[in-house]
Amino acid sequence: MPTTFHEIPRERPATPLLDRASTPVELRRLGEAELLTLADELRQYLLYSVGQTGGHFGAGLGVIELTVALHYVFDTPDDRLVWDVGHQAYPHKILTGRRERMGTLRQKDGLAAFPRRSESEYDTFGVGHSSTSISAALGMAIAARMQGSGRKSVAVIGDGAMTAGMAFEALNHASDVKANMLVVLNDNDMSISKNVGGLSNYLAKIISSRTYSSMREGSKKILSRLPGAWEIARKVEEHAKGMLVPGTLFEELGWNYVGPIDGHDLPTLIATLRNMRDLDGPQFLHVVTKKGKGFGPAEVDPIGYHAITKLEPIKAPAEPKKPSGPKYSSVFGQWLCDMAAQDPRLVGITPAMKEGSDLVAFADKFPDRYFDVAIAEQHAVTLAAGMACDGAKPVVAIYSTFLQRGYDQLIHDVAVQNLDVLFAIDRAGLVGEDGPTHAGSFDLSYLRCIPGMLVMTPSDENELRKLLTTGHHFEGPAAVRYPRGTGPNAPIEPTLDPVEIGKGVIRREGKAGKVAFLVFGVQLAEALKVAEQFDATVVDMRFVKPLDEALVRQLAASHELLVTIEENAVMGGAGAAVSEFLARENILQPVLHLGLPDYYVEHAKPAQMLAECGLDAAGIERSVSARLEALGNR
């Protein structure tokens, strides 16, 4: 039986078997009797390595045995193994030649937090967001068929990710094209079934065997010649299987369903996967695992241990913390509760981000007005549209990158109909160690092109509260985007007063008349630092759409250089709106656009990422100095 830990080891554990299995090729040379010990060592090493770096935690512990079994049974990397989301892929990374680099995980120039094609041939598909694995594995299965190859395709998807429509679209299509592929449903919350045990494991072995499959197909051929006989037999079979396994839904979609089986029972996993590996057509294996398996605290609190920060040295002196305000998400959560107390029409909607978007207090205080739609961003947006049609005031709390998945619904279902939906867009801008799949790099660009959309960029915690109120009262679609983490500790006014739409605020009046900083968002603090050197004017623009055109015209007339600053893609962003206005008005004015470059900024600490993009104080100063020098040499 695997060891259960209650503390994360600080010293590298001894792993003699794992030392002999640094790749799946080496893993497959081990005897099956050795794999239980290997799994135990892998769990120990995962605990140790994540303790050194921080990162996703509980999900990886829950798929130790499944990861070992998949790489043992399938001929990876020739057989394609596709992980959904990627939170659970750390054991996969350890077993696929990256064990000694795990200490660089989520660090600049180190291993990515998620599977990535450029990192390893074993990472067959890059992921970050959920519910993509079945579609990707289906594409690989079809490609293999076109090439006449016998390689296998396997998708591993969690029960949470199975709530997304995209997963069911892929399931439906795979059965239509009769793809030879396997989907492994990793049910780590027992949300589909608790039917796990010896009988279920025994049945899984039988149902997945070639003997059963051959008997079933042979019976079908015989009984199909007798009028009504096969339909009666099919109903009897489905009734029998339905009493023992919850596979009716997947069977009706055209999949051969097997399970549920214990995802920590390594011998049963291996036997079942071997049986299913060579079966034709769409195969579906349901395994039940425990998130955080083998680490007591994570088993008790899987949400709290979804990810952890790295362990600090025991005797390290405590560093004084810089004063910072509350998290932006906490400011939003408090505003939501305060506004809901005032306005009974307000409802809160989230696509499975209750904790991340800080909706816990709102859900507790207003349970009848709180809606978690699971991982279904498109549905979240159109649900809000439907509510708005009949007088509700929906607030959709959603990450910037997740809203990208509901973009068609944002345009077609909300904006075209000019409905009162407020989007509270969290994780805008660069988010750090999770990398480009999670960075909110594009929301200003994809929002400001939508007719009738109100787009706002608060510069601190108090501005966030004000602009949320402004968006709530706006008649039409509105968006407030704010970053991950804490703010500059601005005093927060308890009132719920809106601000005038489309009006920026001058935060510093420069006397030199050289430079004006037009800041869209939280880079205001960095701009104020730099302003002293240039005696620059600093403006908190607040609104990307509608743009404060009168203020832009005034600044252009009184300054030699306008500098726009945003934590969004420069192409099509807020700065582009300024240049478009100047061009439309035939105002010839030098403009410097500072923002995210035209490439994906790789994972690192947020400060490192901002420095790379030139959005810290030093980078802003450097860019402005270079532009002023160029203007002076004209």
# chains A, B, ... in the order shown; residues from 1 in each chain; ligands from 1
call {"tool": "select_by_dssp", "arguments": {"residues": "range 379-561 of chain A", "states": "strand (DSSP E or B)", "output": "tab-separated table (two decimals) with N, CA, C and O atoms, in the first residue's frame"}}
result
chain	number	residue	atom	x	y	z
A	393	LYS	N	-29.88	41.79	-13.27
A	393	LYS	CA	-28.64	42.52	-13.53
A	393	LYS	C	-27.46	41.57	-13.27
A	393	LYS	O	-26.87	41.56	-12.20
A	394	PRO	N	-27.11	40.76	-14.28
A	394	PRO	CA	-26.08	39.73	-14.07
A	394	PRO	C	-24.68	40.34	-14.03
A	394	PRO	O	-24.34	41.26	-14.79
A	395	VAL	N	-23.86	39.79	-13.13
A	395	VAL	CA	-22.43	40.08	-13.08
A	395	VAL	C	-21.71	38.77	-13.34
A	395	VAL	O	-21.83	37.82	-12.56
A	396	VAL	N	-20.97	38.70	-14.44
A	396	VAL	CA	-20.23	37.49	-14.79
A	396	VAL	C	-18.80	37.67	-14.32
A	396	VAL	O	-18.05	38.50	-14.85
A	397	ALA	N	-18.41	36.90	-13.31
A	397	ALA	CA	-17.04	36.94	-12.79
A	397	ALA	C	-16.23	35.89	-13.55
A	397	ALA	O	-16.48	34.69	-13.42
A	398	ILE	N	-15.27	36.35	-14.33
A	398	ILE	CA	-14.60	35.44	-15.26
A	398	ILE	C	-13.16	35.90	-15.49
A	398	ILE	O	-12.88	37.09	-15.50
A	399	TYR	N	-12.26	34.94	-15.65
A	399	TYR	CA	-10.88	35.28	-15.97
A	399	TYR	C	-10.79	35.78	-17.41
A	399	TYR	O	-11.56	35.35	-18.28
A	422	LEU	N	-22.70	42.86	-16.82
A	422	LEU	CA	-21.40	43.37	-16.39
A	422	LEU	C	-20.41	42.22	-16.31
A	422	LEU	O	-20.68	41.21	-15.65
A	423	PHE	N	-19.28	42.38	-16.97
A	423	PHE	CA	-18.22	41.38	-16.94
A	423	PHE	C	-17.11	41.87	-16.02
A	423	PHE	O	-16.47	42.89	-16.29
A	424	ALA	N	-16.90	41.17	-14.91
A	424	ALA	CA	-15.80	41.45	-14.00
A	424	ALA	C	-14.65	40.54	-14.41
A	424	ALA	O	-14.64	39.34	-14.11
A	425	ILE	N	-13.69	41.13	-15.12
A	425	ILE	CA	-12.66	40.33	-15.79
A	425	ILE	C	-11.39	40.28	-14.95
A	425	ILE	O	-10.60	41.23	-14.89
A	426	ASP	N	-11.21	39.17	-14.28
A	426	ASP	CA	-10.06	38.94	-13.39
A	426	ASP	C	-8.87	38.41	-14.20
A	426	ASP	O	-9.01	37.98	-15.33
A	428	ALA	N	-6.42	39.92	-15.60
A	428	ALA	CA	-6.07	40.68	-16.80
A	428	ALA	C	-4.57	40.99	-16.77
A	428	ALA	O	-4.00	41.23	-15.72
A	429	GLY	N	-3.95	40.97	-17.93
A	429	GLY	CA	-2.52	41.22	-18.01
A	429	GLY	C	-1.71	39.96	-17.73
A	429	GLY	O	-2.20	38.84	-17.83
A	440	GLY	N	-3.86	37.33	-19.41
A	440	GLY	CA	-4.95	38.09	-20.00
A	440	GLY	C	-4.41	39.20	-20.88
A	440	GLY	O	-4.51	40.38	-20.56
A	454	LEU	N	-18.91	49.13	-22.99
A	454	LEU	CA	-18.22	50.01	-22.05
A	454	LEU	C	-17.03	49.24	-21.49
A	454	LEU	O	-17.20	48.17	-20.90
A	455	VAL	N	-15.81	49.78	-21.66
A	455	VAL	CA	-14.59	49.06	-21.27
A	455	VAL	C	-13.78	49.93	-20.32
A	455	VAL	O	-13.39	51.06	-20.68
A	456	MET	N	-13.52	49.42	-19.11
A	456	MET	CA	-12.89	50.22	-18.06
A	456	MET	C	-11.66	49.54	-17.48
A	456	MET	O	-11.61	48.31	-17.37
A	478	ALA	N	-21.02	45.94	-20.23
A	478	ALA	CA	-19.89	46.66	-19.64
A	478	ALA	C	-18.85	45.67	-19.15
A	478	ALA	O	-19.17	44.53	-18.79
A	479	ALA	N	-17.59	46.10	-19.13
A	479	ALA	CA	-16.49	45.25	-18.67
A	479	ALA	C	-15.52	46.07	-17.84
A	479	ALA	O	-15.16	47.19	-18.20
A	480	VAL	N	-15.12	45.48	-16.71
A	480	VAL	CA	-14.07	46.05	-15.87
A	480	VAL	C	-12.97	45.00	-15.78
A	480	VAL	O	-13.22	43.88	-15.33
A	481	ARG	N	-11.76	45.34	-16.21
A	481	ARG	CA	-10.66	44.35	-16.17
A	481	ARG	C	-9.65	44.74	-15.10
A	481	ARG	O	-9.30	45.91	-14.93
A	486	THR	N	-2.39	41.73	-5.47
A	486	THR	CA	-2.76	42.85	-4.62
A	486	THR	C	-2.51	44.18	-5.31
A	486	THR	O	-1.75	44.27	-6.27
A	505	VAL	N	-8.77	61.15	-15.44
A	505	VAL	CA	-8.40	62.02	-14.33
A	505	VAL	C	-6.90	62.31	-14.40
A	505	VAL	O	-6.09	61.38	-14.49
A	506	ILE	N	-6.53	63.58	-14.36
A	506	ILE	CA	-5.10	63.93	-14.32
A	506	ILE	C	-4.60	63.74	-12.89
A	506	ILE	O	-5.11	64.36	-11.95
A	507	ARG	N	-3.63	62.84	-12.72
A	507	ARG	CA	-3.08	62.53	-11.40
A	507	ARG	C	-1.83	63.35	-11.10
A	507	ARG	O	-1.47	63.51	-9.94
A	508	ARG	N	-1.16	63.82	-12.12
A	508	ARG	CA	0.01	64.68	-11.93
A	508	ARG	C	0.09	65.65	-13.09
A	508	ARG	O	0.04	65.25	-14.24
A	515	VAL	N	6.23	65.52	-21.86
A	515	VAL	CA	5.69	64.16	-21.90
A	515	VAL	C	4.38	64.09	-21.13
A	515	VAL	O	4.25	64.65	-20.03
A	516	ALA	N	3.41	63.38	-21.70
A	516	ALA	CA	2.17	63.05	-21.00
A	516	ALA	C	1.98	61.54	-21.04
A	516	ALA	O	1.99	60.93	-22.11
A	517	PHE	N	1.84	60.94	-19.86
A	517	PHE	CA	1.57	59.51	-19.76
A	517	PHE	C	0.06	59.29	-19.70
A	517	PHE	O	-0.62	59.82	-18.81
A	518	LEU	N	-0.45	58.53	-20.63
A	518	LEU	CA	-1.86	58.15	-20.64
A	518	LEU	C	-1.93	56.69	-20.21
A	518	LEU	O	-1.61	55.78	-20.98
A	519	VAL	N	-2.32	56.47	-18.96
A	519	VAL	CA	-2.22	55.14	-18.36
A	519	VAL	C	-3.60	54.48	-18.31
A	519	VAL	O	-4.56	55.05	-17.79
A	520	PHE	N	-3.65	53.26	-18.83
A	520	PHE	CA	-4.88	52.46	-18.80
A	520	PHE	C	-4.67	51.28	-17.85
A	520	PHE	O	-4.24	50.21	-18.25
A	537	THR	N	3.25	64.88	-17.22
A	537	THR	CA	1.84	64.80	-16.83
A	537	THR	C	1.43	63.33	-16.82
A	537	THR	O	1.80	62.57	-17.72
A	538	VAL	N	0.69	62.93	-15.79
A	538	VAL	CA	0.24	61.54	-15.69
A	538	VAL	C	-1.28	61.52	-15.60
A	538	VAL	O	-1.87	62.17	-14.72
A	539	VAL	N	-1.90	60.78	-16.50
A	539	VAL	CA	-3.36	60.72	-16.56
A	539	VAL	C	-3.84	59.29	-16.33
A	539	VAL	O	-3.35	58.34	-16.98
A	540	ASP	N	-4.76	59.13	-15.42
A	540	ASP	CA	-5.47	57.86	-15.23
A	540	ASP	C	-6.65	57.88	-16.19
A	540	ASP	O	-7.67	58.53	-15.93
A	543	PHE	N	-11.11	54.86	-18.87
A	543	PHE	CA	-11.99	54.30	-19.89
A	543	PHE	C	-11.22	54.06	-21.20
A	543	PHE	O	-10.61	54.98	-21.73
A	544	VAL	N	-11.28	52.84	-21.68
A	544	VAL	CA	-10.77	52.53	-23.01
A	544	VAL	C	-11.85	52.84	-24.04
A	544	VAL	O	-11.57	53.33	-25.14
A	545	LYS	N	-13.08	52.57	-23.64
A	545	LYS	CA	-14.22	52.85	-24.52
A	545	LYS	C	-15.42	53.23	-23.66
A	545	LYS	O	-15.81	52.43	-22.80
A	561	LEU	N	5.14	64.77	-26.53
A	561	LEU	CA	5.07	63.31	-26.71
A	561	LEU	C	3.97	62.74	-25.83
A	561	LEU	O	3.92	63.03	-24.62
call {"tool": "residues_around", "arguments": {"residues": "Gly325 in chain A", "least_positions_apart": "5", "cutoff": "12 Å", "atoms": "only C-alpha atoms", "output": "PyMOL selection string"}}
result
chain A and resi 330-331+460-462+485-492
call {"tool": "write_last_selection", "arguments": {"atoms": "N, CA, C and O atoms", "output": "short mmCIF file (atom, residue, chain, number, x, y, z; two decimals), in the first residue's frame"}}
result
data_model
loop_
_atom_site.label_atom_id
_atom_site.label_comp_id
_atom_site.auth_asym_id
_atom_site.auth_seq_id
_atom_site.Cartn_x
_atom_site.Cartn_y
_atom_site.Cartn_z
N SER A 330 -10.57 40.20 -4.04
CA SER A 330 -11.27 40.41 -2.77
C SER A 330 -12.08 41.70 -2.79
O SER A 330 -13.18 41.77 -2.24
N VAL A 331 -11.51 42.74 -3.42
CA VAL A 331 -12.25 44.00 -3.56
C VAL A 331 -13.51 43.77 -4.38
O VAL A 331 -14.60 44.27 -4.04
N ASP A 460 -6.36 51.20 -9.29
CA ASP A 460 -6.11 50.73 -7.93
C ASP A 460 -7.40 50.14 -7.36
O ASP A 460 -8.42 50.04 -8.06
N GLU A 461 -7.38 49.78 -6.08
CA GLU A 461 -8.51 49.09 -5.47
C GLU A 461 -9.75 49.97 -5.40
O GLU A 461 -10.88 49.51 -5.64
N ASN A 462 -9.56 51.24 -5.05
CA ASN A 462 -10.71 52.13 -4.94
C ASN A 462 -11.34 52.41 -6.30
O ASN A 462 -12.57 52.47 -6.44
N GLY A 485 -3.64 39.39 -7.98
CA GLY A 485 -2.79 39.84 -6.89
C GLY A 485 -3.31 41.08 -6.18
O GLY A 485 -4.49 41.43 -6.28
N THR A 486 -2.39 41.73 -5.47
CA THR A 486 -2.76 42.85 -4.62
C THR A 486 -2.51 44.18 -5.31
O THR A 486 -1.75 44.27 -6.27
N GLY A 487 -3.14 45.22 -4.75
CA GLY A 487 -2.98 46.56 -5.29
C GLY A 487 -2.04 47.40 -4.44
O GLY A 487 -1.39 46.89 -3.51
N PRO A 488 -1.98 48.70 -4.70
CA PRO A 488 -1.05 49.59 -3.99
C PRO A 488 -1.55 50.06 -2.63
O PRO A 488 -0.95 50.95 -2.03
N ASN A 489 -2.63 49.49 -2.15
CA ASN A 489 -3.19 49.83 -0.83
C ASN A 489 -3.82 51.22 -0.82
O ASN A 489 -3.66 51.97 0.13
N ALA A 490 -4.55 51.52 -1.87
CA ALA A 490 -5.27 52.79 -1.92
C ALA A 490 -6.45 52.74 -0.94
O ALA A 490 -7.09 51.70 -0.79
N PRO A 491 -6.73 53.84 -0.26
CA PRO A 491 -7.91 53.87 0.64
C PRO A 491 -9.19 53.58 -0.16
O PRO A 491 -9.41 54.16 -1.22
N ILE A 492 -10.00 52.70 0.37
CA ILE A 492 -11.22 52.30 -0.33
C ILE A 492 -12.42 52.99 0.29
O ILE A 492 -12.69 52.84 1.49
#
call {"tool": "closest_residue", "arguments": {"among": "A:Thr457, A:Thr495, A:Thr469, A:Ser441", "to": "Gly572 in chain A", "atoms": "only C-alpha atoms"}}
result
A:Ser441
call {"tool": "select_by_dssp", "arguments": {"residues": "range 118-159 of chain A", "states": "helix (DSSP H, G or I)", "output": "PyMOL selection string"}}
result
chain A and resi 133-146
call {"tool": "atom_distance", "arguments": {"atom1": "CA of His92 in chain A", "atom2": "CA of Val258 in chain A"}}
result
23.5 Å
call {"tool": "residues_around", "arguments": {"residues": "Pro115 in chain A", "least_positions_apart": "2", "cutoff": "7 Å", "atoms": "only C-alpha atoms", "output": "PyMOL selection string"}}
result
chain A and resi 86+89+117+123+125-127
call {"tool": "residues_around", "arguments": {"residues": "Leu596 in chain A", "least_positions_apart": "3", "cutoff": "10 Å", "atoms": "only C-alpha atoms", "output": "NGL selection string"}}
result
:A and (429-430 or 441-442 or 565-571 or 573 or 593 or 599-601 or 609-610 or 612-615)
call {"tool": "residues_around", "arguments": {"residues": "range 164-168 of chain A", "least_positions_apart": "5", "cutoff": "12 Å", "atoms": "only C-alpha atoms", "output": "ChimeraX atom specification"}}
result
/A:84,129-138,155-159,173-175,183,185,249-250,253-255,351-352,373-380,405-406
call {"tool": "closest_residue", "arguments": {"among": "A:Ile501, A:Met276, A:Ala439, A:Ala59", "to": "Asp187 in chain A", "atoms": "only C-alpha atoms"}}
result
A:Ala59
call {"tool": "residues_around", "arguments": {"residues": "range 139-148 of chain A", "least_positions_apart": "2", "cutoff": "8 Å", "atoms": "only C-alpha atoms", "output": "list in words"}}
result
Arg80, Ser135, Ala136, Ala137, Gly150, Arg151, Lys152, Ser153, Ala179, Asn180 and Met181 of chain A
call {"tool": "residues_around", "arguments": {"residues": "Ile620 in chain A", "least_positions_apart": "4", "cutoff": "8 Å", "atoms": "only C-alpha atoms", "output": "count of residues only"}}
result
7
call {"tool": "closest_residue", "arguments": {"among": "A:Leu81, A:Ile349, A:Ala39, A:Ala626", "to": "Ala385 in chain A", "atoms": "only C-alpha atoms"}}
result
A:Ile349
